[in-house]
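Trainee: Please find upload-v3.cif (mmCIF, C-alpha atoms) on the next line:
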data_protein
#
loop_
_atom_site.group_PDB
_atom_site.id
_atom_site.type_symbol
_atom_site.label_atom_id
_atom_site.label_comp_id
_atom_site.auth_asym_id
_atom_site.auth_seq_id
_atom_site.Cartn_x
_atom_site.Cartn_y
_atom_site.Cartn_z
ATOM 1 C CA MET G 331 0.000 0.000 0.000
ATOM 2 C CA LYS G 332 2.887 2.371 0.762
ATOM 3 C CA ARG G 333 4.055 2.149 -2.842
ATOM 4 C CA LEU G 334 0.786 3.709 -3.951
ATOM 5 C CA ILE G 335 0.566 6.342 -1.192
ATOM 6 C CA ILE G 336 4.082 7.783 -1.479
ATOM 7 C CA PRO G 337 3.999 8.683 -5.203
ATOM 8 C CA LEU G 338 0.493 10.140 -4.806
ATOM 9 C CA LEU G 339 1.563 12.269 -1.824
ATOM 10 C CA ALA G 340 4.605 13.495 -3.729
ATOM 11 C CA LEU G 341 2.401 14.437 -6.677
ATOM 12 C CA LEU G 342 0.090 16.464 -4.427
ATOM 13 C CA LEU G 343 3.003 18.308 -2.860
ATOM 14 C CA LEU G 344 4.441 19.211 -6.256
ATOM 15 C CA THR G 345 1.152 20.383 -7.775
ATOM 16 C CA GLY G 346 -1.752 21.484 -5.533
ATOM 17 C CA ALA G 347 0.298 22.611 -2.541
ATOM 18 C CA ALA G 348 2.814 24.454 -4.675
ATOM 19 C CA GLN G 349 0.085 26.298 -6.567
ATOM 20 C CA ALA G 350 -1.497 27.422 -3.255
ATOM 21 C CA GLN G 351 1.669 29.346 -2.444
ATOM 22 C CA LYS G 352 2.022 32.855 -3.818
ATOM 23 C CA LYS G 353 5.754 32.431 -4.072
ATOM 24 C CA THR G 354 7.359 29.232 -5.293
ATOM 25 C CA THR G 355 10.927 28.078 -5.388
ATOM 26 C CA PRO G 356 12.288 25.277 -7.573
ATOM 27 C CA LEU G 357 12.355 21.960 -5.774
ATOM 28 C CA LYS G 358 15.737 20.294 -5.611
ATOM 29 C CA LYS G 359 15.741 16.870 -7.240
ATOM 30 C CA GLU G 360 16.710 14.309 -4.639
ATOM 31 C CA GLU G 361 18.448 11.016 -5.255
ATOM 32 C CA PRO G 362 16.196 8.015 -4.597
ATOM 33 C CA THR G 363 16.710 6.416 -1.202
ATOM 34 C CA SER G 364 16.498 2.755 -0.233
ATOM 35 C CA ALA G 365 12.841 3.333 0.726
ATOM 36 C CA SER G 366 12.005 4.552 -2.771
ATOM 37 C CA PRO G 367 10.278 2.149 -5.169
ATOM 38 C CA GLN G 368 12.899 3.257 -7.720
ATOM 39 C CA VAL G 369 15.657 1.545 -5.717
ATOM 40 C CA LEU G 370 15.855 -2.195 -6.273
ATOM 41 C CA ALA G 371 18.928 -3.019 -4.169
ATOM 42 C CA THR G 372 21.479 -1.315 -1.903
ATOM 43 C CA PHE G 373 24.814 -2.123 -0.295
ATOM 44 C CA ASP G 374 27.402 0.042 1.446
ATOM 45 C CA GLY G 375 25.954 3.298 0.116
ATOM 46 C CA GLU G 376 25.635 1.925 -3.418
ATOM 47 C CA LYS G 377 22.301 1.257 -5.108
ATOM 48 C CA ILE G 378 20.741 -0.366 -8.144
ATOM 49 C CA THR G 379 17.766 1.622 -9.441
ATOM 50 C CA VAL G 380 14.936 0.763 -11.791
ATOM 51 C CA GLN G 381 16.713 2.818 -14.449
ATOM 52 C CA ASP G 382 19.958 0.868 -13.911
ATOM 53 C CA TYR G 383 18.033 -2.372 -14.304
ATOM 54 C CA GLN G 384 16.234 -1.220 -17.451
ATOM 55 C CA GLU G 385 19.431 0.051 -19.071
ATOM 56 C CA ALA G 386 21.233 -3.222 -18.346
ATOM 57 C CA LEU G 387 18.270 -5.183 -19.681
ATOM 58 C CA LYS G 388 18.467 -3.329 -23.005
ATOM 59 C CA THR G 389 21.971 -4.703 -23.586
ATOM 60 C CA LEU G 390 20.696 -8.294 -23.651
ATOM 61 C CA PRO G 391 19.482 -10.158 -26.756
ATOM 62 C CA ALA G 392 15.763 -9.670 -27.399
ATOM 63 C CA GLN G 393 14.993 -13.328 -26.702
ATOM 64 C CA LEU G 394 16.644 -13.149 -23.287
ATOM 65 C CA GLN G 395 14.880 -9.871 -22.485
ATOM 66 C CA TRP G 396 11.572 -11.571 -23.248
ATOM 67 C CA ALA G 397 12.444 -14.580 -21.072
ATOM 68 C CA ILE G 398 13.304 -12.355 -18.099
ATOM 69 C CA ALA G 399 10.090 -10.366 -18.545
ATOM 70 C CA GLN G 400 8.052 -13.582 -18.387
ATOM 71 C CA ASN G 401 9.790 -15.239 -15.427
ATOM 72 C CA ARG G 402 9.967 -13.807 -11.890
ATOM 73 C CA ASN G 403 12.893 -16.040 -10.944
ATOM 74 C CA LEU G 404 14.905 -14.808 -13.937
ATOM 75 C CA ARG G 405 14.068 -11.191 -13.054
ATOM 76 C CA ALA G 406 15.425 -11.714 -9.541
ATOM 77 C CA LYS G 407 18.464 -13.582 -10.870
ATOM 78 C CA PHE G 408 19.296 -10.748 -13.253
ATOM 79 C CA LEU G 409 19.055 -8.233 -10.389
ATOM 80 C CA ASP G 410 21.346 -10.439 -8.306
ATOM 81 C CA ASN G 411 23.837 -10.486 -11.191
ATOM 82 C CA LEU G 412 23.814 -6.686 -11.377
ATOM 83 C CA VAL G 413 24.397 -6.394 -7.633
ATOM 84 C CA THR G 414 27.187 -8.976 -7.733
ATOM 85 C CA LYS G 415 28.902 -7.196 -10.606
ATOM 86 C CA LYS G 416 28.696 -3.824 -8.862
ATOM 87 C CA MET G 417 30.080 -5.300 -5.626
ATOM 88 C CA LEU G 418 32.979 -6.924 -7.465
ATOM 89 C CA VAL G 419 33.800 -3.669 -9.288
ATOM 90 C CA LYS G 420 33.721 -1.758 -5.990
ATOM 91 C CA THR G 421 35.955 -4.404 -4.394
ATOM 92 C CA ALA G 422 38.381 -4.227 -7.313
ATOM 93 C CA LYS G 423 38.630 -0.440 -7.070
ATOM 94 C CA GLU G 424 39.173 -0.587 -3.325
ATOM 95 C CA SER G 425 41.926 -3.161 -3.808
ATOM 96 C CA GLY G 426 43.887 -0.632 -5.837
ATOM 97 C CA VAL G 427 43.223 -1.769 -9.413
ATOM 98 C CA LYS G 428 44.108 1.162 -11.663
ATOM 99 C CA GLU G 429 43.516 1.916 -15.303
ATOM 100 C CA ASP G 430 46.374 0.787 -17.524
ATOM 101 C CA GLN G 431 47.152 1.366 -21.195
ATOM 102 C CA GLU G 432 45.239 -1.719 -22.355
ATOM 103 C CA MET G 433 42.164 -0.723 -20.359
ATOM 104 C CA ARG G 434 42.230 2.799 -21.776
ATOM 105 C CA ARG G 435 42.615 1.388 -25.291
ATOM 106 C CA ARG G 436 39.577 -0.839 -24.861
ATOM 107 C CA ILE G 437 37.543 2.017 -23.383
ATOM 108 C CA GLU G 438 38.465 4.160 -26.378
ATOM 109 C CA GLU G 439 37.459 1.358 -28.766
ATOM 110 C CA PHE G 440 34.127 0.951 -27.022
ATOM 111 C CA LYS G 441 33.532 4.701 -27.124
ATOM 112 C CA ASN G 442 34.313 4.753 -30.848
ATOM 113 C CA GLU G 443 31.850 1.910 -31.437
ATOM 114 C CA LEU G 444 29.139 3.868 -29.623
ATOM 115 C CA ILE G 445 29.907 7.016 -31.623
ATOM 116 C CA LEU G 446 29.878 5.088 -34.904
ATOM 117 C CA GLY G 447 26.651 3.320 -33.986
ATOM 118 C CA LYS G 448 24.912 6.587 -33.198
ATOM 119 C CA TYR G 449 26.226 8.212 -36.387
ATOM 120 C CA LEU G 450 25.018 5.338 -38.568
ATOM 121 C CA ARG G 451 21.611 5.296 -36.899
ATOM 122 C CA GLU G 452 21.228 9.016 -37.588
ATOM 123 C CA LYS G 453 22.300 8.586 -41.207
ATOM 124 C CA LEU G 454 20.133 5.540 -41.886
ATOM 125 C CA GLU G 455 17.061 6.200 -39.749
ATOM 126 C CA HIS G 456 15.265 7.876 -42.656
ATOM 127 C CA ILE G 457 15.050 4.584 -44.547
ATOM 128 C CA LYS G 458 11.509 3.319 -44.911
ATOM 129 C CA VAL G 459 9.738 0.686 -47.007
ATOM 130 C CA THR G 460 6.101 1.274 -47.913
ATOM 131 C CA ASP G 461 3.402 -1.328 -48.467
ATOM 132 C CA GLN G 462 3.257 -0.165 -52.084
ATOM 133 C CA GLU G 463 6.951 -0.938 -52.594
ATOM 134 C CA ALA G 464 6.498 -4.360 -51.038
ATOM 135 C CA LYS G 465 3.486 -5.107 -53.269
ATOM 136 C CA ALA G 466 5.394 -4.040 -56.381
ATOM 137 C CA TYR G 467 8.228 -6.414 -55.463
ATOM 138 C CA TYR G 468 5.746 -9.221 -54.789
ATOM 139 C CA ASP G 469 4.035 -8.765 -58.161
ATOM 140 C CA LYS G 470 7.375 -8.797 -59.970
ATOM 141 C CA HIS G 471 8.841 -11.813 -58.133
ATOM 142 C CA LYS G 472 5.854 -14.085 -57.543
ATOM 143 C CA LYS G 473 7.907 -17.209 -58.199
ATOM 144 C CA GLU G 474 9.921 -16.445 -55.071
ATOM 145 C CA PHE G 475 6.744 -16.757 -53.027
ATOM 146 C CA THR G 476 5.443 -20.021 -54.425
ATOM 147 C CA THR G 477 5.641 -23.160 -52.316
ATOM 148 C CA PRO G 478 7.045 -26.047 -54.402
ATOM 149 C CA LYS G 479 5.149 -29.214 -55.202
ATOM 150 C CA GLU G 480 5.156 -31.656 -52.292
ATOM 151 C CA VAL G 481 4.566 -35.377 -52.073
ATOM 152 C CA ARG G 482 3.608 -37.484 -49.083
ATOM 153 C CA ALA G 483 4.861 -41.031 -49.434
ATOM 154 C CA ARG G 484 6.105 -44.082 -47.624
ATOM 155 C CA HIS G 485 8.765 -46.565 -48.590
ATOM 156 C CA ILE G 486 10.353 -49.895 -47.839
ATOM 157 C CA LEU G 487 14.148 -49.876 -48.071
ATOM 158 C CA VAL G 488 16.109 -53.117 -48.507
ATOM 159 C CA LYS G 489 19.679 -53.981 -49.493
ATOM 160 C CA THR G 490 19.098 -56.167 -52.558
ATOM 161 C CA LYS G 491 17.151 -55.757 -55.771
ATOM 162 C CA GLU G 492 15.818 -59.296 -55.465
ATOM 163 C CA LYS G 493 14.296 -58.587 -52.069
ATOM 164 C CA ALA G 494 12.782 -55.329 -53.328
ATOM 165 C CA GLU G 495 11.222 -57.082 -56.331
ATOM 166 C CA LYS G 496 9.719 -59.758 -54.066
ATOM 167 C CA ILE G 497 8.190 -57.045 -51.830
ATOM 168 C CA TYR G 498 6.852 -55.189 -54.884
ATOM 169 C CA LYS G 499 5.129 -58.327 -56.180
ATOM 170 C CA ASP G 500 3.615 -59.039 -52.761
ATOM 171 C CA LEU G 501 2.255 -55.503 -52.577
ATOM 172 C CA LYS G 502 0.709 -55.775 -56.033
ATOM 173 C CA LYS G 503 -1.033 -58.931 -54.836
ATOM 174 C CA GLY G 504 -2.572 -56.998 -51.962
ATOM 175 C CA ALA G 505 -0.058 -57.382 -49.116
ATOM 176 C CA ASP G 506 -0.227 -54.757 -46.362
ATOM 177 C CA PHE G 507 2.390 -52.026 -46.929
ATOM 178 C CA THR G 508 2.619 -51.081 -43.249
ATOM 179 C CA LYS G 509 3.214 -54.670 -42.183
ATOM 180 C CA LEU G 510 5.929 -55.282 -44.804
ATOM 181 C CA ALA G 511 7.655 -51.983 -43.954
ATOM 182 C CA LYS G 512 7.846 -52.887 -40.270
ATOM 183 C CA GLU G 513 9.100 -56.368 -41.103
ATOM 184 C CA TYR G 514 11.652 -55.724 -43.851
ATOM 185 C CA SER G 515 12.649 -52.036 -44.141
ATOM 186 C CA ILE G 516 16.191 -51.246 -42.995
ATOM 187 C CA ASP G 517 15.201 -47.583 -42.560
ATOM 188 C CA LYS G 518 14.267 -48.129 -38.919
ATOM 189 C CA ALA G 519 13.056 -44.566 -38.302
ATOM 190 C CA SER G 520 10.320 -44.823 -40.933
ATOM 191 C CA ALA G 521 9.784 -48.586 -40.578
ATOM 192 C CA GLU G 522 8.291 -48.085 -37.118
ATOM 193 C CA LYS G 523 5.672 -45.830 -38.743
ATOM 194 C CA GLY G 524 4.877 -48.245 -41.554
ATOM 195 C CA GLY G 525 7.393 -46.597 -43.887
ATOM 196 C CA GLU G 526 5.777 -43.156 -43.529
ATOM 197 C CA LEU G 527 8.018 -40.268 -44.689
ATOM 198 C CA GLY G 528 5.547 -37.398 -44.479
ATOM 199 C CA PHE G 529 5.535 -34.544 -46.983
ATOM 200 C CA PHE G 530 8.759 -33.651 -48.805
ATOM 201 C CA THR G 531 9.890 -31.562 -51.771
ATOM 202 C CA ARG G 532 11.911 -32.786 -54.722
ATOM 203 C CA ALA G 533 15.054 -31.235 -53.226
ATOM 204 C CA ASP G 534 14.608 -33.094 -49.930
ATOM 205 C CA MET G 535 15.423 -36.513 -51.374
ATOM 206 C CA VAL G 536 18.179 -37.990 -53.519
ATOM 207 C CA LYS G 537 17.469 -37.607 -57.249
ATOM 208 C CA PRO G 538 16.469 -41.197 -58.167
ATOM 209 C CA PHE G 539 14.003 -41.303 -55.272
ATOM 210 C CA SER G 540 12.519 -37.881 -56.105
ATOM 211 C CA ASP G 541 12.305 -38.645 -59.827
ATOM 212 C CA ALA G 542 10.228 -41.725 -59.054
ATOM 213 C CA ALA G 543 8.029 -40.236 -56.318
ATOM 214 C CA PHE G 544 7.246 -37.031 -58.211
ATOM 215 C CA SER G 545 6.217 -38.922 -61.340
ATOM 216 C CA MET G 546 3.626 -41.014 -59.496
ATOM 217 C CA LYS G 547 -0.027 -40.508 -58.630
ATOM 218 C CA PRO G 548 -1.577 -41.069 -55.192
ATOM 219 C CA GLY G 549 -2.017 -44.779 -54.502
ATOM 220 C CA GLU G 550 0.621 -45.911 -56.997
ATOM 221 C CA ILE G 551 3.446 -48.220 -55.940
ATOM 222 C CA SER G 552 6.815 -47.979 -57.662
ATOM 223 C CA GLN G 553 8.997 -50.769 -58.904
ATOM 224 C CA PRO G 554 12.336 -50.968 -57.009
ATOM 225 C CA VAL G 555 14.273 -47.685 -57.146
ATOM 226 C CA LYS G 556 18.047 -47.826 -56.658
ATOM 227 C CA THR G 557 19.781 -45.119 -54.594
ATOM 228 C CA PRO G 558 23.066 -45.007 -52.646
ATOM 229 C CA PHE G 559 21.107 -46.333 -49.644
ATOM 230 C CA GLY G 560 19.781 -49.475 -51.317
ATOM 231 C CA TYR G 561 16.537 -50.351 -53.098
ATOM 232 C CA HIS G 562 13.263 -48.575 -52.332
ATOM 233 C CA VAL G 563 9.688 -49.572 -52.985
ATOM 234 C CA ILE G 564 7.678 -46.338 -52.822
ATOM 235 C CA GLN G 565 3.990 -45.684 -52.382
ATOM 236 C CA VAL G 566 2.723 -42.144 -52.971
ATOM 237 C CA GLU G 567 -0.160 -41.197 -50.666
ATOM 238 C CA GLU G 568 -0.832 -37.537 -51.449
ATOM 239 C CA VAL G 569 0.364 -34.810 -53.811
ATOM 240 C CA LYS G 570 0.303 -31.069 -53.042
ATOM 241 C CA PRO G 571 0.616 -28.873 -56.143
ATOM 242 C CA PRO G 572 2.680 -25.661 -56.021
ATOM 243 C CA GLN G 573 0.842 -22.894 -54.169
ATOM 244 C CA GLN G 574 1.154 -19.126 -54.421
ATOM 245 C CA LYS G 575 1.597 -17.452 -51.032
ATOM 246 C CA ALA G 576 -0.767 -14.537 -50.437
ATOM 247 C CA PHE G 577 0.797 -11.067 -50.268
ATOM 248 C CA LYS G 578 -0.539 -10.513 -46.750
ATOM 249 C CA ASP G 579 1.375 -13.592 -45.576
ATOM 250 C CA VAL G 580 4.732 -12.436 -46.951
ATOM 251 C CA LYS G 581 4.411 -8.638 -46.754
ATOM 252 C CA GLU G 582 6.525 -8.229 -43.617
ATOM 253 C CA GLU G 583 9.160 -10.617 -44.960
ATOM 254 C CA ILE G 584 9.414 -8.567 -48.168
ATOM 255 C CA LYS G 585 9.555 -5.257 -46.289
ATOM 256 C CA LYS G 586 12.356 -6.574 -44.104
ATOM 257 C CA GLN G 587 14.315 -7.720 -47.154
ATOM 258 C CA LEU G 588 13.832 -4.414 -48.988
ATOM 259 C CA PHE G 589 14.746 -2.474 -45.849
ATOM 260 C CA GLN G 590 18.026 -4.378 -45.532
ATOM 261 C CA GLU G 591 18.788 -3.799 -49.212
ATOM 262 C CA LYS G 592 18.085 -0.060 -48.900
ATOM 263 C CA GLN G 593 20.138 0.110 -45.728
ATOM 264 C CA GLN G 594 23.095 -1.636 -47.367
ATOM 265 C CA LYS G 595 22.874 0.628 -50.417
ATOM 266 C CA ALA G 596 22.832 3.750 -48.223
ATOM 267 C CA PHE G 597 25.762 2.437 -46.172
ATOM 268 C CA ASP G 598 27.803 1.671 -49.301
ATOM 269 C CA LYS G 599 27.103 5.183 -50.590
ATOM 270 C CA LEU G 600 28.198 6.677 -47.269
ATOM 271 C CA VAL G 601 31.432 4.655 -47.280
ATOM 272 C CA ALA G 602 32.150 5.741 -50.864
ATOM 273 C CA GLN G 603 31.694 9.394 -49.872
ATOM 274 C CA VAL G 604 34.041 9.021 -46.913
ATOM 275 C CA LYS G 605 36.713 7.299 -49.005
ATOM 276 C CA LYS G 606 36.427 10.016 -51.626
ATOM 277 C CA LYS G 607 36.907 12.684 -48.963
ATOM 278 C CA TRP G 608 40.159 11.227 -47.637
ATOM 279 C CA LYS G 609 42.873 9.589 -49.681
ATOM 280 C CA VAL G 610 43.630 6.151 -48.274
ATOM 281 C CA GLU G 611 47.061 4.576 -48.642
ATOM 282 C CA THR G 612 47.305 0.892 -47.708
ATOM 283 C CA HIS G 613 50.254 -1.517 -47.518
ATOM 284 C CA THR G 614 48.793 -5.003 -47.605
ATOM 285 C CA GLU G 615 52.235 -6.550 -48.071
ATOM 286 C CA ARG G 616 53.079 -5.504 -44.528
ATOM 287 C CA LEU G 617 50.347 -7.753 -43.162
ATOM 288 C CA ASP G 618 52.696 -10.712 -43.509
ATOM 289 C CA GLN G 619 54.602 -9.686 -40.405
ATOM 290 C CA ILE G 620 51.418 -10.069 -38.346
ATOM 291 C CA PHE G 621 50.831 -13.640 -39.452
ATOM 292 C CA ASN G 622 54.500 -14.651 -39.681
ATOM 293 C CA SER G 623 54.116 -15.450 -43.378
ATOM 294 C CA LYS G 624 56.769 -15.302 -46.063
#
Before we go any further, please render this structure as structure tokens.

Mentor:
Amino acid sequence: MKRLIIPLLALLLLTGAAQAQKKTTPLKKEEPTSASPQVLATFDGEKITVQDYQEALKTLPAQLQWAIAQNRNLRAKFLDNLVTKKMLVKTAKESGVKEDQEMRRRIEEFKNELILGKYLREKLEHIKVTDQEAKAYYDKHKKEFTTPKEVRARHILVKTKEKAEKIYKDLKKGADFTKLAKEYSIDKASAEKGGELGFFTRADMVKPFSDAAFSMKPGEISQPVKTPFGYHVIQVEEVKPPQQKAFKDVKEEIKKQLFQEKQQKAFDKLVAQVKKKWKVETHTERLDQIFNSK
């Protein structure tokens, strides 16, 4: 309850009470204390605030940020990590650890990365991709957004042609495919499922297998097909023709692709301008000394 009362009281003091006074003076901004909801942890005069936590959270990959947001234990663990890190840094400073040349070099590198990142964001933030641009790309490249033909089939794989021919003849006489697959197929993963392979595209299988499967109609059983794995007897169960993906289903994918292309083009143009501004002289032959090459 206190967390609700304190901010409300502070708001009243800063607004209504201040306006009731004929003369006002600027209020001095105070640092949050350990009693403040903005302070998440304290030790030896040090504190971790909500802002500290949020800033540290932003440095994590998006997936990890999401995981922490969804899990109370992870939230607490991340806070504990921040406290631990701050305590270790404080301990290191108190032990007399000083900045050295290597540390200053790395700080300078990090600072340069931040400066460059900000500069590039400012230069590239104007880049946008409209729905109209995405639709124009879609209309011009429809083949890119077509799902290929798929076949659902099952097979029985054996080592010899003779065995495959015997199985084929039995199947043509009415033998149960599932039973024969479980009994004879050396492809154990599919044998347990009666030879079932599920849906696949032509590119998913070796060429002789695909050539046979994609030339068949549902219900047909192939004669033995030789591949590097042995001899297959294939039964096609279902065929899915190629399908055109709707624009609404691929719009965001297209916009992302076009955005990256525009961004790269703008970056390349920026680099070209910079290189034109300053004459660069390189000595690639001197790289050998770094890698101890002759």

Trainee: Can you tell me how far CA of Lys465 in chain G sits from CA of Asp579 in chain G, in Å to one decimal?

Mentor: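 Atom-to-atom, CA of Lys465 in chain G and CA of Asp579 in chain G are spaced 11.6 Å apart.
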
Trainee: From the list G:Thr531, G:Gln573, G:Ser552, G:Ser515, which residue is nearest Thr477 in chain G when using all atoms listed in the file?

Mentor: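 Checking each of G:Thr531, G:Gln573, G:Ser552, G:Ser515 against Thr477 in chain G, counting all atoms listed in the file, the winner is G:Gln573.
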
Trainee: For the atom pair CA of Arg482 in chain G and CA of Ala576 in chain G, what is the interatomic distance in Å to one decimal place?

Mentor: 23.4 Å

Trainee: Near Asp517 in chain G, within 9 Å and counting all atoms listed in the file, which residues show up once chain neighbours fewer than 6 positions away are dropped, as a list in words?

Mentor: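 Here the qualifying residues turn out to be His485, Ile486, Leu487, Val488, Ala511 and Gly525 of chain G.
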
Trainee: Could you jot down the CA of Lys509 in chain G to CA of Glu526 in chain G separation for me, Å, one decimal place?

Mentor: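 Computed distance, CA of Lys509 in chain G to CA of Glu526 in chain G, equals 11.9 Å.
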
Trainee: Kindly indicate which residue among G:Phe559, G:Phe440, G:Phe544, G:Phe408 lies nearest to Asp382 in chain G, using only C-alpha atoms for the distances.

Mentor: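 Once distances to Asp382 in chain G are computed over only C-alpha atoms, the minimum belongs to G:Phe408.
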
Trainee: Given all atoms listed in the file as the basis, pick out the residue of G:Ala386, G:Val555, G:Leu394, G:Ala399 nearest to Asn411 in chain G.

Mentor: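 Distance minimum relative to Asn411 in chain G lands on G:Ala386.
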